[in-house]
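First up is the structure itself, then whatever we jot down about it.
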Amino acid sequence: MTIDTINMCSHLQRKLFDEDGIYHPLWVAIQDDPEMTAVVRSRQLHIYRDGKKILVLAGKSAPKIIREDRISDLLST
């Protein structure tokens with residue numbers, strides 16, 4: 001999966017893409033799941049499963065769980 005990181009918050013980029021980032025396990029799981037997509041909007045990462053939004057990740061604020069999903073169990077907040 002390729003996403004546009006130019007408009008993504010730098011804090012979120014570190015949390016998501018750095019090996020020791022708290023969201024990195026989530027990013028790896030998204031890569032391995034063909035039902036999931038992710039889009040950058042308003043400097044946040046919006047995560048979808050089968051076209052339905054399930055999670056919003058921001059750099060400095062807490063993740064926002066929109067729908068219960070097994071991917072939410074990977075959040076270590």
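Following the order of the structure tokens, chains are lettered A, B, ..., residues in each are numbered from 1, and ligands are numbered from 1.
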Any chance you could tabulate, as a Markdown table, the residues of range 11-53 of chain A at most 10 Å from range 65-77 of chain A with each one's nearest atom pair and distance in Å to one decimal, using only C-alpha atoms, in chain and rising number order?
```
| residue | atom | partner | partner_atom | distance |
| --- | --- | --- | --- | --- |
| A:Ile22 | CA | A:Ser76 | CA | 6.3 |
| A:Tyr23 | CA | A:Leu75 | CA | 6.7 |
| A:His24 | CA | A:Leu74 | CA | 9.4 |
| A:Pro25 | CA | A:Leu74 | CA | 6.8 |
| A:Leu26 | CA | A:Leu74 | CA | 5.8 |
| A:Trp27 | CA | A:Leu74 | CA | 9.7 |
| A:Ala29 | CA | A:Ile71 | CA | 7.5 |
| A:Ile30 | CA | A:Ile71 | CA | 8.1 |
| A:Asp33 | CA | A:Ile71 | CA | 9.9 |
| A:Met36 | CA | A:Ile71 | CA | 9.8 |
| A:His46 | CA | A:Ile66 | CA | 10.0 |
| A:Ile47 | CA | A:Ile66 | CA | 9.6 |
| A:Tyr48 | CA | A:Arg67 | CA | 9.7 |
| A:Arg49 | CA | A:Asp69 | CA | 8.7 |
| A:Lys52 | CA | A:Arg67 | CA | 8.5 |
| A:Lys53 | CA | A:Ile66 | CA | 6.6 |
```
So which residues touch Ser10 in chain A within 10 Å, counting only C-alpha atoms, skipping near sequence neighbours fewer than 6 positions away, as a PyMOL selection string?
-> chain A and resi 16+43+58-60
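Closest approach to Ile3 in chain A among A:Pro34, A:Ser61, A:Leu45, A:Asp18 is made by A:Leu45 (distances from only C-alpha atoms).
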Straight-line distance linking CA of Asp32 in chain A with CA of Gln44 in chain A, stated in Å to one decimal =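 For CA of Asp32 in chain A relative to CA of Gln44 in chain A, the distance reads 20.7 Å.
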Could you write out, as a VMD selection string, all the residues of chain A that DSSP marks as helix (DSSP H, G or I)?
-> chain A and resid 10 to 17 24 to 32 70 to 74
What residues in chain A get the DSSP label strand (DSSP E or B)? Please answer as a ChimeraX atom specification.
-> /A:36-41,44-49,52-57,64-65
For each of A:Gly21, A:Asn7, A:Lys15, A:Met1, take the minimum atom-to-atom distance to Glu35 in chain A, counting only C-alpha atoms, then give the residue where this is smallest.
->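 That would be A:Met1, the residue with the smallest distance to Glu35 in chain A.
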